[in-house]
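Student: You'll find model-v7.cif just under this line, and it carries mmCIF, C-alpha atoms.
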```
data_coords
#
loop_
_atom_site.label_atom_id
_atom_site.label_comp_id
_atom_site.auth_asym_id
_atom_site.auth_seq_id
_atom_site.Cartn_x
_atom_site.Cartn_y
_atom_site.Cartn_z
CA MET X 50 18.50 27.32 0.10
CA SER X 51 20.59 25.08 2.29
CA GLU X 52 22.28 26.75 5.21
CA THR X 53 25.53 25.09 4.24
CA THR X 54 27.59 25.65 1.13
CA PRO X 55 26.35 23.34 -1.66
CA HIS X 56 28.64 20.35 -1.66
CA ARG X 57 30.04 18.28 -4.43
CA LEU X 58 27.51 15.61 -5.45
CA ARG X 59 28.11 12.10 -6.72
CA ILE X 60 25.79 11.63 -9.71
CA LEU X 61 24.96 8.55 -11.77
CA LEU X 62 24.21 9.57 -15.37
CA VAL X 63 22.65 6.88 -17.58
CA GLY X 64 22.93 7.56 -21.30
CA ALA X 65 26.05 9.66 -20.83
CA ARG X 66 27.25 9.13 -24.41
CA GLY X 67 24.10 10.50 -26.09
CA THR X 68 23.58 14.05 -27.31
CA LEU X 69 21.56 14.95 -24.24
CA GLY X 70 23.73 12.96 -21.84
CA LYS X 71 26.88 14.73 -22.99
CA ALA X 72 25.26 18.13 -22.39
CA VAL X 73 24.11 17.05 -18.92
CA ALA X 74 27.64 15.81 -18.13
CA ASN X 75 29.05 19.14 -19.28
CA GLU X 76 26.66 21.16 -17.14
CA LEU X 77 26.74 19.13 -13.93
CA GLY X 78 30.35 17.97 -14.34
CA LYS X 79 31.48 21.56 -13.74
CA ARG X 80 30.79 21.18 -10.04
CA HIS X 81 29.96 17.53 -9.36
CA ASP X 82 31.36 14.03 -9.88
CA ILE X 83 29.65 12.20 -12.73
CA ILE X 84 29.55 8.42 -13.01
CA LYS X 85 28.89 7.83 -16.68
CA ALA X 86 26.78 4.77 -17.47
CA GLY X 87 25.67 3.21 -20.72
CA ARG X 88 24.86 -0.11 -22.34
CA GLY X 89 28.29 -0.75 -23.80
CA THR X 90 30.72 1.79 -22.41
CA GLY X 91 31.30 4.17 -19.55
CA ASP X 92 32.28 3.96 -15.90
CA LEU X 93 29.34 1.62 -15.35
CA LYS X 94 27.67 -0.83 -17.73
CA LEU X 95 23.93 -0.54 -17.32
CA ASN X 96 21.12 -1.71 -19.58
CA LEU X 97 17.64 -0.24 -19.02
CA THR X 98 15.98 -3.49 -20.11
CA ASP X 99 17.88 -5.68 -17.64
CA PRO X 100 16.50 -4.84 -14.18
CA ALA X 101 18.51 -7.49 -12.30
CA GLY X 102 21.74 -6.37 -13.96
CA MET X 103 20.86 -2.76 -13.24
CA VAL X 104 20.35 -3.46 -9.54
CA ALA X 105 23.66 -5.36 -9.36
CA ALA X 106 25.63 -2.65 -11.17
CA MET X 107 24.21 0.06 -8.94
CA ALA X 108 24.93 -1.91 -5.76
CA GLU X 109 28.56 -2.18 -6.86
CA MET X 110 28.67 1.55 -7.58
CA GLY X 111 27.69 2.48 -4.03
CA PRO X 112 25.86 5.54 -2.64
CA VAL X 113 25.10 8.54 -4.85
CA ASP X 114 23.28 11.85 -4.46
CA ALA X 115 21.49 11.82 -7.78
CA VAL X 116 20.45 9.40 -10.51
CA ILE X 117 19.78 10.81 -13.96
CA CYS X 118 18.50 9.02 -17.04
CA ALA X 119 19.09 10.59 -20.45
CA ALA X 120 18.35 7.38 -22.37
CA GLY X 121 15.34 5.45 -23.58
CA GLU X 122 14.09 4.14 -26.91
CA VAL X 123 10.67 4.18 -28.54
CA ALA X 124 9.54 3.00 -31.97
CA PHE X 125 8.28 5.54 -34.47
CA ALA X 126 5.70 4.07 -36.83
CA PRO X 127 2.64 5.32 -38.73
CA LEU X 128 -0.53 4.52 -36.79
CA ALA X 129 -1.89 2.88 -39.95
CA GLN X 130 0.79 0.23 -39.56
CA ILE X 131 0.05 -0.50 -35.91
CA ARG X 132 -2.32 -3.40 -35.30
CA PRO X 133 -3.89 -4.69 -32.07
CA ALA X 134 -1.40 -7.08 -30.47
CA THR X 135 -0.35 -8.51 -27.14
CA ILE X 136 2.44 -6.56 -25.50
CA SER X 137 5.22 -8.89 -26.66
CA GLU X 138 4.17 -8.50 -30.31
CA SER X 139 3.07 -4.86 -30.19
CA VAL X 140 4.81 -1.96 -31.91
CA TYR X 141 4.43 -0.30 -28.51
CA ALA X 142 6.60 -2.93 -26.77
CA LEU X 143 9.91 -1.09 -27.29
CA GLY X 144 8.67 2.16 -25.79
CA LEU X 145 6.83 0.46 -22.92
CA THR X 146 9.73 -1.80 -21.95
CA ASN X 147 12.68 0.49 -22.74
CA LYS X 148 11.95 4.21 -22.33
CA LEU X 149 9.07 3.70 -19.87
CA LEU X 150 9.68 0.61 -17.74
CA GLY X 151 13.46 0.92 -18.15
CA GLN X 152 13.43 4.37 -16.57
CA VAL X 153 10.80 3.34 -14.01
CA ASN X 154 12.97 0.38 -12.95
CA LEU X 155 15.98 2.69 -12.74
CA ALA X 156 14.00 4.95 -10.42
CA LEU X 157 12.90 2.00 -8.29
CA ALA X 158 16.47 0.69 -8.10
CA ALA X 159 17.79 4.16 -7.33
CA ARG X 160 16.03 4.13 -3.93
CA GLU X 161 18.60 1.57 -2.75
CA VAL X 162 21.66 3.67 -3.60
CA LEU X 163 20.49 7.25 -3.13
CA ARG X 164 21.50 9.12 -0.01
CA ASP X 165 18.78 10.85 2.04
CA GLY X 166 17.33 13.74 0.09
CA GLY X 167 18.84 12.53 -3.17
CA SER X 168 17.11 12.91 -6.50
CA ILE X 169 16.00 10.96 -9.55
CA THR X 170 15.56 12.72 -12.90
CA LEU X 171 14.06 10.94 -15.89
CA THR X 172 13.59 12.08 -19.49
CA GLY X 173 10.25 12.40 -21.26
CA GLY X 174 9.48 14.63 -24.21
CA ILE X 175 7.22 17.17 -25.86
CA LEU X 176 5.21 14.59 -27.82
CA SER X 177 3.06 13.88 -24.75
CA GLU X 178 1.37 17.20 -25.41
CA HIS X 179 2.21 18.06 -29.02
CA PRO X 180 1.91 15.02 -31.30
CA ILE X 181 3.62 14.29 -34.59
CA VAL X 182 2.79 11.74 -37.27
CA SER X 183 4.25 8.31 -36.37
CA GLY X 184 4.71 9.42 -32.77
CA SER X 185 1.86 7.66 -30.94
CA SER X 186 4.26 5.45 -28.98
CA ALA X 187 6.37 8.41 -27.87
CA SER X 188 3.23 10.36 -26.93
CA MET X 189 2.04 7.41 -24.86
CA VAL X 190 5.37 6.77 -23.13
CA ASN X 191 6.10 10.42 -22.40
CA GLY X 192 2.62 10.82 -20.92
CA ALA X 193 3.18 7.71 -18.82
CA LEU X 194 6.45 9.11 -17.48
CA GLU X 195 4.72 12.36 -16.48
CA GLY X 196 2.09 10.40 -14.57
CA PHE X 197 4.67 8.13 -13.00
CA VAL X 198 6.88 10.88 -11.58
CA ARG X 199 3.82 12.58 -10.07
CA GLY X 200 2.65 9.28 -8.60
CA ALA X 201 6.04 8.10 -7.37
CA ALA X 202 7.05 11.48 -5.90
CA VAL X 203 4.53 11.23 -3.07
CA GLU X 204 5.84 7.82 -1.99
CA MET X 205 9.61 8.14 -2.24
CA PRO X 206 11.37 7.33 1.04
CA ARG X 207 13.94 9.42 2.97
CA GLY X 208 13.22 12.70 1.17
CA ILE X 209 14.22 11.30 -2.18
CA ARG X 210 12.85 13.48 -4.98
CA ILE X 211 11.84 12.50 -8.53
CA ASN X 212 11.25 14.77 -11.53
CA LEU X 213 10.93 14.55 -15.30
CA VAL X 214 12.60 16.69 -17.95
CA SER X 215 10.41 16.99 -21.04
CA PRO X 216 12.31 18.60 -23.91
CA SER X 217 11.27 19.60 -27.39
CA VAL X 218 13.35 18.28 -30.29
CA LEU X 219 17.06 18.91 -29.74
CA ALA X 220 18.77 21.38 -32.05
CA GLU X 221 21.59 18.86 -32.39
CA SER X 222 19.12 16.23 -33.69
CA MET X 223 17.47 18.34 -36.38
CA ASP X 224 19.50 16.78 -39.20
CA ALA X 225 17.99 13.42 -38.36
CA TYR X 226 14.58 14.38 -36.97
CA GLY X 227 13.86 17.75 -38.58
CA PRO X 228 11.42 16.39 -41.18
CA PHE X 229 9.26 14.94 -38.40
CA PHE X 230 9.31 18.14 -36.34
CA ARG X 231 8.56 20.88 -38.86
CA GLY X 232 7.65 24.08 -37.07
CA PHE X 233 8.83 22.89 -33.68
CA GLU X 234 11.39 25.25 -32.17
CA PRO X 235 14.50 23.15 -31.54
CA VAL X 236 16.20 23.50 -28.16
CA PRO X 237 19.97 23.23 -27.71
CA ALA X 238 20.92 20.28 -25.49
CA ALA X 239 22.77 22.74 -23.24
CA ARG X 240 19.43 24.45 -22.45
CA VAL X 241 17.80 21.10 -21.66
CA ALA X 242 20.74 20.30 -19.39
CA LEU X 243 19.76 23.28 -17.22
CA ALA X 244 16.46 21.55 -16.44
CA PHE X 245 18.42 18.54 -15.17
CA SER X 246 20.44 20.93 -13.00
CA ARG X 247 17.19 22.39 -11.61
CA SER X 248 15.93 18.93 -10.79
CA VAL X 249 19.19 17.76 -9.18
CA GLU X 250 20.20 21.00 -7.45
CA GLY X 251 16.76 22.46 -6.74
CA PRO X 252 14.25 21.55 -4.04
CA GLN X 253 11.25 20.29 -6.03
CA THR X 254 9.71 16.87 -6.53
CA GLY X 255 6.96 15.46 -8.77
CA GLN X 256 7.67 18.13 -11.37
CA VAL X 257 7.67 18.01 -15.17
CA TYR X 258 10.23 20.51 -16.43
CA ARG X 259 9.21 21.35 -20.00
CA VAL X 260 11.99 22.79 -22.13
CA VAL X 261 10.44 24.24 -25.27
CA MET P 129 -23.25 21.38 -35.94
CA SER P 130 -24.35 19.02 -38.65
CA GLU P 131 -26.77 20.41 -41.21
CA THR P 132 -28.94 17.35 -40.79
CA THR P 133 -30.89 16.27 -37.74
CA PRO P 134 -28.64 14.22 -35.45
CA HIS P 135 -29.32 10.59 -36.23
CA ARG P 136 -29.52 7.55 -34.05
CA LEU P 137 -26.02 6.16 -33.53
CA ARG P 138 -24.93 2.56 -33.10
CA ILE P 139 -22.49 2.52 -30.17
CA LEU P 140 -20.25 -0.23 -28.80
CA LEU P 141 -19.85 0.16 -25.04
CA VAL P 142 -17.14 -1.96 -23.41
CA GLY P 143 -17.50 -2.32 -19.66
CA ALA P 144 -21.25 -1.81 -19.80
CA ARG P 145 -21.90 -3.58 -16.51
CA GLY P 146 -19.60 -1.39 -14.43
CA THR P 147 -20.66 1.63 -12.39
CA LEU P 148 -19.42 4.02 -15.06
CA GLY P 149 -20.59 1.87 -17.97
CA LYS P 150 -24.13 1.74 -16.62
CA ALA P 151 -24.25 5.53 -16.35
CA VAL P 152 -22.91 5.89 -19.91
CA ALA P 153 -25.54 3.42 -21.15
CA ASN P 154 -28.24 5.41 -19.35
CA GLU P 155 -27.11 8.71 -20.85
CA LEU P 156 -26.45 7.64 -24.43
CA GLY P 157 -29.13 4.94 -24.49
CA LYS P 158 -31.79 7.67 -24.31
CA ARG P 159 -31.22 8.47 -27.98
CA HIS P 160 -28.86 5.85 -29.42
CA ASP P 161 -28.53 2.07 -29.76
CA ILE P 162 -26.01 0.61 -27.32
CA ILE P 163 -24.22 -2.69 -27.90
CA LYS P 164 -23.18 -3.72 -24.41
CA ALA P 165 -19.88 -5.60 -24.21
CA GLY P 166 -18.03 -7.20 -21.36
CA ARG P 167 -15.76 -10.07 -20.46
CA GLY P 168 -18.46 -12.49 -19.36
CA THR P 169 -21.83 -11.06 -20.26
CA GLY P 170 -23.58 -8.62 -22.55
CA ASP P 171 -24.53 -8.42 -26.23
CA LEU P 172 -20.89 -8.99 -27.13
CA LYS P 173 -18.16 -10.92 -25.27
CA LEU P 174 -14.97 -8.89 -25.40
CA ASN P 175 -11.81 -9.16 -23.32
CA LEU P 176 -9.40 -6.21 -23.34
CA THR P 177 -6.41 -8.52 -22.92
CA ASP P 178 -7.27 -10.72 -25.93
CA PRO P 179 -6.58 -8.60 -29.02
CA ALA P 180 -7.30 -11.35 -31.55
CA GLY P 181 -10.60 -12.23 -29.87
CA MET P 182 -11.46 -8.52 -29.71
CA VAL P 183 -10.89 -8.07 -33.44
CA ALA P 184 -13.01 -11.15 -34.22
CA ALA P 185 -15.89 -10.10 -31.96
CA MET P 186 -15.94 -6.60 -33.45
CA ALA P 187 -15.88 -7.92 -37.02
CA GLU P 188 -18.94 -10.02 -36.22
CA MET P 189 -20.67 -7.02 -34.68
CA GLY P 190 -20.40 -4.96 -37.88
CA PRO P 191 -20.21 -1.17 -38.42
CA VAL P 192 -20.75 1.26 -35.56
CA ASP P 193 -20.63 5.03 -35.09
CA ALA P 194 -18.83 5.05 -31.77
CA VAL P 195 -16.67 2.80 -29.61
CA ILE P 196 -16.52 3.55 -25.90
CA CYS P 197 -14.42 1.89 -23.23
CA ALA P 198 -15.46 2.20 -19.60
CA ALA P 199 -13.27 -0.67 -18.42
CA GLY P 200 -9.63 -1.26 -17.51
CA GLU P 201 -7.76 -2.58 -14.50
CA VAL P 202 -4.63 -1.40 -12.70
CA ALA P 203 -2.90 -2.68 -9.59
CA PHE P 204 -2.78 -0.47 -6.51
CA ALA P 205 0.32 -1.12 -4.41
CA PRO P 206 2.58 0.88 -2.09
CA LEU P 207 5.67 2.04 -4.01
CA ALA P 208 7.78 0.53 -1.24
CA GLN P 209 6.55 -2.91 -2.34
CA ILE P 210 7.34 -2.36 -6.03
CA ARG P 211 10.72 -3.66 -7.15
CA PRO P 212 12.54 -3.35 -10.48
CA ALA P 213 11.29 -6.17 -12.71
CA THR P 214 10.80 -7.13 -16.32
CA ILE P 215 7.36 -6.32 -17.63
CA SER P 216 5.98 -9.83 -17.19
CA GLU P 217 6.94 -9.85 -13.50
CA SER P 218 6.28 -6.19 -12.74
CA VAL P 219 3.52 -4.86 -10.50
CA TYR P 220 2.94 -2.48 -13.41
CA ALA P 221 2.09 -5.34 -15.81
CA LEU P 222 -1.64 -5.34 -15.07
CA GLY P 223 -2.09 -1.63 -15.74
CA LEU P 224 0.17 -1.64 -18.80
CA THR P 225 -1.47 -4.68 -20.41
CA ASN P 226 -5.08 -4.18 -19.29
CA LYS P 227 -6.11 -0.56 -18.81
CA LEU P 228 -3.44 0.84 -21.17
CA LEU P 229 -2.74 -1.62 -23.96
CA GLY P 230 -6.22 -3.13 -23.71
CA GLN P 231 -7.81 0.23 -24.45
CA VAL P 232 -5.15 1.08 -27.05
CA ASN P 233 -5.82 -2.21 -28.85
CA LEU P 234 -9.55 -1.52 -28.70
CA ALA P 235 -8.92 1.86 -30.35
CA LEU P 236 -6.73 0.28 -33.03
CA ALA P 237 -9.35 -2.42 -33.70
CA ALA P 238 -12.13 0.18 -33.75
CA ARG P 239 -10.72 1.70 -36.96
CA GLU P 240 -11.94 -1.40 -38.83
CA VAL P 241 -15.57 -1.13 -37.69
CA LEU P 242 -16.15 2.60 -37.27
CA ARG P 243 -18.07 4.47 -39.94
CA ASP P 244 -16.53 7.64 -41.40
CA GLY P 245 -16.41 10.36 -38.76
CA GLY P 246 -17.04 7.88 -35.96
CA SER P 247 -15.48 8.24 -32.54
CA ILE P 248 -13.45 6.36 -29.95
CA THR P 249 -13.68 7.32 -26.27
CA LEU P 250 -11.38 5.77 -23.67
CA THR P 251 -11.26 6.16 -19.89
CA GLY P 252 -8.31 7.55 -17.92
CA GLY P 253 -8.48 9.17 -14.51
CA ILE P 254 -7.52 12.00 -12.22
CA LEU P 255 -4.44 10.22 -10.78
CA SER P 256 -2.38 11.25 -13.81
CA GLU P 257 -2.33 14.74 -12.32
CA HIS P 258 -3.26 14.29 -8.67
CA PRO P 259 -1.51 11.29 -7.11
CA ILE P 260 -2.54 9.15 -4.17
CA VAL P 261 -0.50 6.70 -2.10
CA SER P 262 -0.32 3.28 -3.81
CA GLY P 263 -1.41 4.85 -7.10
CA SER P 264 1.82 5.02 -9.12
CA SER P 265 0.55 2.47 -11.65
CA ALA P 266 -2.71 4.34 -12.17
CA SER P 267 -0.85 7.64 -12.49
CA MET P 268 1.43 6.08 -15.10
CA VAL P 269 -1.34 4.43 -17.09
CA ASN P 270 -3.67 7.42 -17.03
CA GLY P 271 -0.83 9.66 -18.20
CA ALA P 272 -0.04 7.19 -20.97
CA LEU P 273 -3.66 7.24 -22.13
CA GLU P 274 -3.62 11.05 -22.28
CA GLY P 275 -0.51 10.97 -24.43
CA PHE P 276 -1.88 8.19 -26.62
CA VAL P 277 -5.15 9.90 -27.50
CA ARG P 278 -3.27 13.08 -28.42
CA GLY P 279 -0.83 11.10 -30.54
CA ALA P 280 -3.39 8.83 -32.18
CA ALA P 281 -5.89 11.63 -32.89
CA VAL P 282 -3.68 13.18 -35.57
CA GLU P 283 -3.37 9.88 -37.45
CA MET P 284 -6.86 8.42 -37.34
CA PRO P 285 -8.26 7.66 -40.82
CA ARG P 286 -11.60 8.77 -42.35
CA GLY P 287 -12.32 11.51 -39.86
CA ILE P 288 -12.40 9.10 -36.94
CA ARG P 289 -12.00 10.96 -33.65
CA ILE P 290 -10.49 9.79 -30.36
CA ASN P 291 -10.81 11.33 -26.91
CA LEU P 292 -10.22 10.45 -23.27
CA VAL P 293 -12.53 10.96 -20.31
CA SER P 294 -10.53 11.48 -17.12
CA PRO P 295 -12.79 11.41 -14.07
CA SER P 296 -12.13 11.94 -10.39
CA VAL P 297 -13.22 9.20 -8.01
CA LEU P 298 -16.87 8.22 -8.58
CA ALA P 299 -19.38 9.08 -5.86
CA GLU P 300 -20.75 5.55 -6.25
CA SER P 301 -17.31 4.10 -5.44
CA MET P 302 -16.63 6.06 -2.26
CA ASP P 303 -17.62 3.17 0.03
CA ALA P 304 -14.79 1.13 -1.48
CA TYR P 305 -12.25 3.81 -2.43
CA GLY P 306 -13.03 6.66 -0.06
CA PRO P 307 -10.10 6.00 2.30
CA PHE P 308 -7.66 6.33 -0.62
CA PHE P 309 -9.24 9.55 -1.91
CA ARG P 310 -9.68 11.67 1.22
CA GLY P 311 -10.41 15.25 0.23
CA PHE P 312 -11.10 14.46 -3.41
CA GLU P 313 -14.52 15.70 -4.49
CA PRO P 314 -16.38 12.63 -5.73
CA VAL P 315 -18.25 12.95 -9.04
CA PRO P 316 -21.52 11.12 -9.74
CA ALA P 317 -21.16 8.64 -12.61
CA ALA P 318 -24.03 10.45 -14.34
CA ARG P 319 -21.85 13.58 -14.56
CA VAL P 320 -18.94 11.61 -15.98
CA ALA P 321 -21.34 10.11 -18.53
CA LEU P 322 -21.90 13.62 -19.92
CA ALA P 323 -18.23 13.76 -20.90
CA PHE P 324 -18.70 10.57 -22.92
CA SER P 325 -21.68 12.22 -24.60
CA ARG P 326 -19.54 15.25 -25.45
CA SER P 327 -16.89 13.01 -26.94
CA VAL P 328 -19.35 10.90 -28.96
CA GLU P 329 -21.79 13.63 -29.98
CA GLY P 330 -19.43 16.61 -30.14
CA PRO P 331 -16.92 17.56 -32.84
CA GLN P 332 -13.57 17.35 -31.02
CA THR P 333 -10.63 14.96 -31.20
CA GLY P 334 -7.43 14.48 -29.20
CA GLN P 335 -9.12 15.87 -26.10
CA VAL P 336 -8.86 14.93 -22.46
CA TYR P 337 -12.20 15.67 -20.79
CA ARG P 338 -11.49 16.03 -17.08
CA VAL P 339 -14.50 15.56 -14.82
CA VAL P 340 -13.58 16.80 -11.36
#
```
Written as structure tokens, that's how I'd like the structure from this file.
Tutor:
Amino acid sequence: MSETTPHRLRILLVGARGTLGKAVANELGKRHDIIKAGRGTGDLKLNLTDPAGMVAAMAEMGPVDAVICAAGEVAFAPLAQIRPATISESVYALGLTNKLLGQVNLALAAREVLRDGGSITLTGGILSEHPIVSGSSASMVNGALEGFVRGAAVEMPRGIRINLVSPSVLAESMDAYGPFFRGFEPVPAARVALAFSRSVEGPQTGQVYRVV
Amino acid sequence: MSETTPHRLRILLVGARGTLGKAVANELGKRHDIIKAGRGTGDLKLNLTDPAGMVAAMAEMGPVDAVICAAGEVAFAPLAQIRPATISESVYALGLTNKLLGQVNLALAAREVLRDGGSITLTGGILSEHPIVSGSSASMVNGALEGFVRGAAVEMPRGIRINLVSPSVLAESMDAYGPFFRGFEPVPAARVALAFSRSVEGPQTGQVYRVV
């Protein structure tokens, strides 16, 4: 524990309008200042698939203590419908460019705006370990994010930390996703938000916080 | 175990000329027929980054019992030199298009030529779990491959299996890679080849065989 009283942090939260983002804002907003970012709305306009725009928006925002991403899209499709293709024509393109490279680029850009000892927290998911039908892209991307945070953690400058939160299906999403996740125990977004708190307010780096 | 005597298998081996590929050919070639494939030489010309050419070459080859990949490139670069970029300009492009999507496309194409109950075996690596400096792309790609085989395994048709072999640094590669892998216990390629044998000749699917 720090020898000083924990201070109020300035936190960039990407995907603040989503189910998970709202829960993270509720949890961390109790004691910190949240800059809410999203594609169309929020304090900051930020698109995961536009790295140059992302860098510019973050430079304008100024220094922060934490960068969180609770956004990222992948395609769900039966494997039988997925054919060999170059990356631009592949079913896997959305996941690789949006949820994976979008979050990776956010982490890379975050180095420029994070204060010493700041943190980056990205979002993966349970499908890396426990597959579902039509989920091969999500399994791939979530596995990639686990590898990336482990790899990037050992090279972050100035004590910057990076972790991944890997939740099971959200209780709030069961109306939409329930049929794909039969038998999975849903987790309330508020529980997943605690893992983001651990990443931001704890001391660890290179971790995958599984919330199941 | 099968009730019949194990029969001679017809196996496509991509990357047959590499250090690992040669060891796999030695191990499985003792009792099976190996079709050696590579970019420039071999029984079959096959380029991981050319999905259409891959599909055509495999169609010409005809039915096989196993498809193995012991090839795949990633870029090694200090994280400090990696900037946010779109996929086509990213340092991560090589790993994502070659070692990841190249092997994924090979697996997708393999469905068309594998006999019922055949197998696909891809190659990942230890960096998904144990990072090294300059290895964030390899960590990402190897993690993605672990997720993909788990995800794809549950959707493969006709009893086709898919596994990943994830080796530590090869003993034969220590002259070149040793300085990056200080303290890692090198594994002889012949030991790693046993994991390919387990995948091809065993009953499992969706597995990551770690050889450390």
Student: Leaving out segment 88-101 of chain X and any residue of its chain fewer than 2 positions from it, which residues lie within 9 Å of it when counting all atoms listed in the file, given as a short mmCIF file (atom, residue, chain, number, x, y, z; two decimals) with C-alpha atoms, in the coordinates of the input?
Tutor:
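Below you can see out-v3.cif, which holds the result:
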```cif
data_model
loop_
_atom_site.label_atom_id
_atom_site.label_comp_id
_atom_site.auth_asym_id
_atom_site.auth_seq_id
_atom_site.Cartn_x
_atom_site.Cartn_y
_atom_site.Cartn_z
CA LEU X 61 24.96 8.55 -11.77
CA VAL X 63 22.65 6.88 -17.58
CA GLY X 64 22.93 7.56 -21.30
CA ALA X 65 26.05 9.66 -20.83
CA ARG X 66 27.25 9.13 -24.41
CA ILE X 84 29.55 8.42 -13.01
CA LYS X 85 28.89 7.83 -16.68
CA ALA X 86 26.78 4.77 -17.47
CA MET X 103 20.86 -2.76 -13.24
CA VAL X 104 20.35 -3.46 -9.54
CA ALA X 105 23.66 -5.36 -9.36
CA ALA X 106 25.63 -2.65 -11.17
CA MET X 107 24.21 0.06 -8.94
CA MET X 110 28.67 1.55 -7.58
CA ALA X 120 18.35 7.38 -22.37
CA GLY X 121 15.34 5.45 -23.58
CA THR X 146 9.73 -1.80 -21.95
CA ASN X 147 12.68 0.49 -22.74
CA LYS X 148 11.95 4.21 -22.33
CA LEU X 150 9.68 0.61 -17.74
CA GLY X 151 13.46 0.92 -18.15
CA GLN X 152 13.43 4.37 -16.57
CA ASN X 154 12.97 0.38 -12.95
CA LEU X 155 15.98 2.69 -12.74
CA ALA X 158 16.47 0.69 -8.10
CA PRO P 212 12.54 -3.35 -10.48
CA ALA P 213 11.29 -6.17 -12.71
CA THR P 214 10.80 -7.13 -16.32
#
```
Student: Which neighbours of Glu76 of chain X fall inside 10 Å, counting only C-alpha atoms, when residues of the same chain fewer than 3 positions from it are skipped, and could you give them as a ChimeraX atom specification?
Tutor: /X:70-73,79-81,239-243,245-246
Student: Applied to the shown file, which residues does the PyMOL selection byres ((chain X) within 8 of (chain P)) return, written as a VMD selection string?
Tutor: chain X and resid 98 to 101 104 127 to 129 131 to 136 146 150 153 to 155 157 to 158 176 to 186 188 to 197 199 to 201 203 to 205
Student: Hey, what's within 9 Å of Val261 of chain X if we count all atoms listed in the file and toss same-chain stuff fewer than 3 positions away? As a PyMOL selection string, please?
Tutor: chain X and resi 175+215-218+233-236+241
Student: Report the distance between atom CA of Ala203 of chain P and atom CA of Ile211 of chain X in Å, rounded to one decimal place.
Tutor: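 Distance reported for this atom pair: 21.2 Å.
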Student: What is the distance between atom CA of Val116 of chain X and atom CA of Val219 of chain P, in Å to one decimal?
Tutor: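 For atom CA of Val116 of chain X relative to atom CA of Val219 of chain P, the distance reads 22.1 Å.
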Student: Could you state the separation of atom CA of Thr172 of chain X and atom CA of Val260 of chain X in Å, given to one decimal place?
Tutor: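 Atom-to-atom, atom CA of Thr172 of chain X and atom CA of Val260 of chain X are spaced 11.1 Å apart.
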Student: As AutoDock Vina command-line options, please report the centre and edge lengths, rounded to one decimal in Å, of the axis-aligned box that holds all listed atoms of segment 282-289 of chain P with 5 Å of padding on each of the six sides.
Tutor:
```
--center_x -7.9 --center_y 10.4 --center_z -38.0 --size_x 19.0 --size_y 15.5 --size_z 18.7
```
Student: Might you pull out every residue within 6 Å of Thr170 of chain X, with all atoms listed in the file counted and same-chain residues fewer than 4 positions away left off, and present them as a PyMOL selection string?
Tutor: chain X and resi 117+211-213
Student: Can you pull out the residues contacting Arg138 of chain P? Cut-off 7 Å, using all atoms listed in the file, and skip same-chain residues under 2 positions away; I want them as a VMD selection string.
Tutor: chain P and resid 136 140 160 to 162 192 to 194
Student: N, CA and C atoms for segment 124-135 of chain X, written as a PDB file, in the coordinates of the input, could you do that?
Tutor:
```
ATOM      1  N   ALA X 124       9.680   3.220 -30.526  1.00  0.00           N
ATOM      2  CA  ALA X 124       9.540   3.000 -31.970  1.00  0.00           C
ATOM      3  C   ALA X 124       8.689   4.111 -32.572  1.00  0.00           C
ATOM      4  N   PHE X 125       9.110   4.612 -33.716  1.00  0.00           N
ATOM      5  CA  PHE X 125       8.280   5.540 -34.470  1.00  0.00           C
ATOM      6  C   PHE X 125       7.687   4.788 -35.658  1.00  0.00           C
ATOM      7  N   ALA X 126       6.370   4.814 -35.767  1.00  0.00           N
ATOM      8  CA  ALA X 126       5.700   4.070 -36.830  1.00  0.00           C
ATOM      9  C   ALA X 126       4.354   4.731 -37.131  1.00  0.00           C
ATOM     10  N   PRO X 127       3.968   4.784 -38.413  1.00  0.00           N
ATOM     11  CA  PRO X 127       2.640   5.320 -38.730  1.00  0.00           C
ATOM     12  C   PRO X 127       1.558   4.526 -38.023  1.00  0.00           C
ATOM     13  N   LEU X 128       0.555   5.204 -37.489  1.00  0.00           N
ATOM     14  CA  LEU X 128      -0.530   4.520 -36.790  1.00  0.00           C
ATOM     15  C   LEU X 128      -1.190   3.492 -37.699  1.00  0.00           C
ATOM     16  N   ALA X 129      -1.248   3.799 -38.992  1.00  0.00           N
ATOM     17  CA  ALA X 129      -1.890   2.880 -39.950  1.00  0.00           C
ATOM     18  C   ALA X 129      -1.192   1.524 -39.981  1.00  0.00           C
ATOM     19  N   GLN X 130       0.059   1.493 -39.559  1.00  0.00           N
ATOM     20  CA  GLN X 130       0.790   0.230 -39.560  1.00  0.00           C
ATOM     21  C   GLN X 130       0.748  -0.487 -38.210  1.00  0.00           C
ATOM     22  N   ILE X 131       0.085   0.093 -37.252  1.00  0.00           N
ATOM     23  CA  ILE X 131       0.050  -0.500 -35.910  1.00  0.00           C
ATOM     24  C   ILE X 131      -1.264  -1.245 -35.719  1.00  0.00           C
ATOM     25  N   ARG X 132      -1.155  -2.527 -35.447  1.00  0.00           N
ATOM     26  CA  ARG X 132      -2.320  -3.400 -35.300  1.00  0.00           C
ATOM     27  C   ARG X 132      -2.480  -3.793 -33.832  1.00  0.00           C
ATOM     28  N   PRO X 133      -3.696  -4.167 -33.433  1.00  0.00           N
ATOM     29  CA  PRO X 133      -3.890  -4.690 -32.070  1.00  0.00           C
ATOM     30  C   PRO X 133      -3.001  -5.914 -31.858  1.00  0.00           C
ATOM     31  N   ALA X 134      -2.326  -5.965 -30.740  1.00  0.00           N
ATOM     32  CA  ALA X 134      -1.400  -7.080 -30.470  1.00  0.00           C
ATOM     33  C   ALA X 134      -1.137  -7.166 -28.983  1.00  0.00           C
ATOM     34  N   THR X 135      -0.797  -8.366 -28.521  1.00  0.00           N
ATOM     35  CA  THR X 135      -0.350  -8.510 -27.140  1.00  0.00           C
ATOM     36  C   THR X 135       0.965  -7.762 -26.969  1.00  0.00           C
TER      37      THR X 135
END
```
